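Below is one structure, written out as structure tokens; the observations come after it.
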Amino acid sequence: MGLLDGKRLLITGVITDASLAFHAAKIAQEQGAEVVLTGFGRMRLVERIAQRLPKPAPVVELDVSDQSQLDSLVERITPHLGDEPRLDGVLHSIAFAPAGALGEGAFLNAQWEDVSTAIQVSAFSLKSLAMACKPLLGPGASIVGMDFDNRQAWPAYDWMGVAKSALESVTRYLARDLGKDGIRVNLVAAGPVKTMAAKSIPGFSAFEDVWDKRAPLGWDMGDPVPVAKTVCAVLSDWMPTTTGSMVMADGGVHAVGV
């Protein structure tokens, strides 16, 4: 019996087979779940990546800044959810900041247009996605967002760091307002993993030199599986009273000093 037997999950943010979302979907399938993927932009690539899962998964397009796509999301994923359509879990693995909001000097010089894009796509979209999916969510459902713990300032992260702080706050308010419906909302705060999204952050290589040395359990930036397993645990029924929380999957770096 798998941890996610019988679960129906919506997994967003798949870009390549190195994506955390891809590995979460893979492990979820191995644990008994049915998954539907969303992608944005290079949809043919996402469709090819979906064929690399243990069981090829359907893919729908989702631009979280396009209200018409959000409004039609339930209609578009329902045909993939069986005779009694429902969602038991949603993974929000979506973040973006324009180049002007990242890297050396960006914090002081970024323009509001770039900052607002980062906040809308990386933080507000969690609320947008939750509300778009809400008609299919019921008691026991779990919404999980991907985070990078932003309780301190990081090199190069700049306005994406601010957006992650906003994401953490959005999670708490969603947990408050959706709790009455039995819906949990949590974040998995991951250590740095070499994904396509990470490669777009100037100065990301700085983490390579220090994370493994600081992490009490060690850390392999080339291995997304431990983070993906944590995501699946939070999507499961085994954390029934955990909501509004950041679940750390960083090797313990958050708990130690320099």
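Quick note on naming: the chains in the structure tokens go A, B, ... in the order shown, residues restart at 1 in each chain, and ligands are numbered from 1 in order of appearance.
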
- Hey, what's within 12 Å of Leu53 of chain A if we count only C-alpha atoms and toss same-chain stuff fewer than 5 positions away? As a list of chain:residue names, please? A:Val14, A:Thr16, A:Asp17, A:Ala21, A:Phe22, A:His23, A:Ala24, A:Ala25, A:Lys26, A:Ile27, A:Ala28, A:Gln29, A:Glu30, A:Glu34, A:Val35, A:Val36, A:Leu37, A:Val46, A:Glu47, A:Arg48, A:Pro58

- Check the smallest atom-to-atom distance from each of A:Asp209, A:Asp114, A:Asp177, A:Asp250 to Asp223 of chain A using only C-alpha atoms, then report the winner.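 Closest to Asp223 of chain A, using only C-alpha atoms: A:Asp250.
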
Write out as an mmCIF file with C-alpha atoms, in the first residue's frame which residues come within 10 Å of Lys134 of chain A when counting only C-alpha atoms, dropping same-chain ones fewer than 2 positions away.
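This went into selection18.cif:
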```cif
data_model
loop_
_atom_site.group_PDB
_atom_site.id
_atom_site.type_symbol
_atom_site.label_atom_id
_atom_site.label_comp_id
_atom_site.auth_asym_id
_atom_site.auth_seq_id
_atom_site.Cartn_x
_atom_site.Cartn_y
_atom_site.Cartn_z
ATOM 1 C CA VAL A 74 -11.560 23.041 -13.215
ATOM 2 C CA ARG A 86 -12.099 15.653 -7.112
ATOM 3 C CA LEU A 87 -8.642 16.803 -6.105
ATOM 4 C CA SER A 128 -5.160 32.249 -7.131
ATOM 5 C CA LEU A 129 -4.445 28.555 -7.628
ATOM 6 C CA ALA A 130 -6.124 27.567 -4.369
ATOM 7 C CA MET A 131 -9.302 29.404 -5.286
ATOM 8 C CA ALA A 132 -9.271 28.057 -8.839
ATOM 9 C CA LEU A 136 -12.694 20.190 -6.436
ATOM 10 C CA LEU A 137 -11.163 20.264 -2.943
ATOM 11 C CA GLY A 138 -12.826 18.796 0.113
ATOM 12 C CA ALA A 141 -7.234 17.988 0.881
ATOM 13 C CA LEU A 178 -9.580 27.296 4.228
ATOM 14 C CA ASP A 181 -13.381 23.470 4.870
ATOM 15 C CA ILE A 183 -8.223 22.009 3.625
#
```

Name the residues in contact with Ala166 of chain A at a cut-off of 10 Å, using only C-alpha atoms, excluding same-chain residues fewer than 5 positions from it; report them as a PDB file with C-alpha atoms, in the first residue's frame.
```pdb
ATOM      1  CA  ILE A 119       5.168  38.932  -6.226  1.00  0.00           C
ATOM      2  CA  GLN A 120       2.165  38.120  -8.414  1.00  0.00           C
ATOM      3  CA  SER A 122       5.558  33.720  -6.946  1.00  0.00           C
ATOM      4  CA  ALA A 123       3.207  34.574  -4.049  1.00  0.00           C
ATOM      5  CA  PHE A 124      -0.252  35.847  -5.017  1.00  0.00           C
ATOM      6  CA  ASN A 150      13.411  33.581   3.604  1.00  0.00           C
ATOM      7  CA  MET A 160      12.551  36.838  -5.116  1.00  0.00           C
ATOM      8  CA  GLY A 161      13.382  36.606  -1.434  1.00  0.00           C
ATOM      9  CA  THR A 171       0.182  30.385   3.236  1.00  0.00           C
TER      10      THR A 171
END
```

- Item | Contacts of Met1 of chain A at 12 Å (only C-alpha atoms; same-chain gap of 2+ positions) as a PyMOL selection string | chain A and resi 3-6+30-33

- Interatomic distance (Å, one decimal) between atom CA of Pro98 of chain A and atom CA of Val170 of chain A: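 Interatomic distance, atom CA of Pro98 of chain A to atom CA of Val170 of chain A: 21.0 Å.
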
Hey, could you make a per-residue contact list for segment 105-208 of chain A against segment 234-248 of chain A with 7 Å as the cut-off, showing the nearest pair of atoms and its distance in Å to one decimal, counting only C-alpha atoms, sorted by chain and number, as a tab-separated table?
```
residue	atom	partner	partner_atom	distance
A:Ser142	CA	A:Leu235	CA	5.3
A:Val144	CA	A:Leu235	CA	6.8
A:Thr171	CA	A:Gly244	CA	5.7
A:Arg172	CA	A:Gly244	CA	4.4
A:Ala175	CA	A:Gly244	CA	5.0
A:Arg184	CA	A:Thr243	CA	5.0
A:Val185	CA	A:Thr243	CA	5.2
A:Asn186	CA	A:Ser245	CA	5.0
A:Leu187	CA	A:Met246	CA	4.7
A:Val188	CA	A:Val247	CA	4.8
A:Ala189	CA	A:Met248	CA	4.9
A:Ala190	CA	A:Met248	CA	6.3
```

Write out the residues from the selection above, keeping C-alpha atoms, as a short mmCIF file (atom, residue, chain, number, x, y, z; two decimals), in the first residue's frame.
```cif
data_model
loop_
_atom_site.label_atom_id
_atom_site.label_comp_id
_atom_site.auth_asym_id
_atom_site.auth_seq_id
_atom_site.Cartn_x
_atom_site.Cartn_y
_atom_site.Cartn_z
CA SER A 142 -3.70 19.33 1.03
CA VAL A 144 1.55 22.47 -0.77
CA THR A 171 0.18 30.38 3.24
CA ARG A 172 -0.75 31.34 6.78
CA ALA A 175 -4.59 28.10 6.12
CA ARG A 184 -4.60 22.16 4.77
CA VAL A 185 -2.11 24.67 3.32
CA ASN A 186 1.62 24.27 3.94
CA LEU A 187 5.00 25.00 2.42
CA VAL A 188 8.00 22.77 1.91
CA ALA A 189 11.10 24.92 2.37
CA ALA A 190 13.75 23.19 0.30
#
```

- Query: So, counting only C-alpha atoms, which residue among A:Gly251, A:Gly179, A:Pro192, A:Pro224 is closest to Phe148 of chain A?
  - Reply: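 Nearest candidate to Phe148 of chain A out of A:Gly251, A:Gly179, A:Pro192, A:Pro224: A:Pro192.
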
- Query: Contacts of Leu102 of chain A at 7 Å or less, counting only C-alpha atoms, minus same-chain residues fewer than 2 places along, as number ranges by chain?
  - Reply: A: 99-100, 106, 156-160, 201-202

Generate the output file for the selected residues, C-alpha atoms, as a JSON list (two decimals), in the first residue's frame.
```
[["chain", "number", "residue", "atom", "x", "y", "z"],
["A", 99, "ALA", "CA", 16.18, 39.57, -14.40],
["A", 100, "GLY", "CA", 15.99, 43.12, -13.07],
["A", 106, "ALA", "CA", 18.96, 44.46, -7.99],
["A", 156, "ALA", "CA", 21.51, 37.39, -5.14],
["A", 157, "TYR", "CA", 17.97, 36.34, -4.18],
["A", 158, "ASP", "CA", 16.83, 39.93, -3.63],
["A", 159, "TRP", "CA", 13.20, 40.54, -4.68],
["A", 160, "MET", "CA", 12.55, 36.84, -5.12],
["A", 201, "ILE", "CA", 19.36, 33.03, -10.32],
["A", 202, "PRO", "CA", 22.62, 35.00, -10.63]]
```

- With only C-alpha atoms as the atoms that count, which of A:Pro79, A:Pro54, A:Gly13, A:Pro226 lies nearest to Arg42 of chain A?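 That would be A:Gly13, the residue with the smallest distance to Arg42 of chain A.
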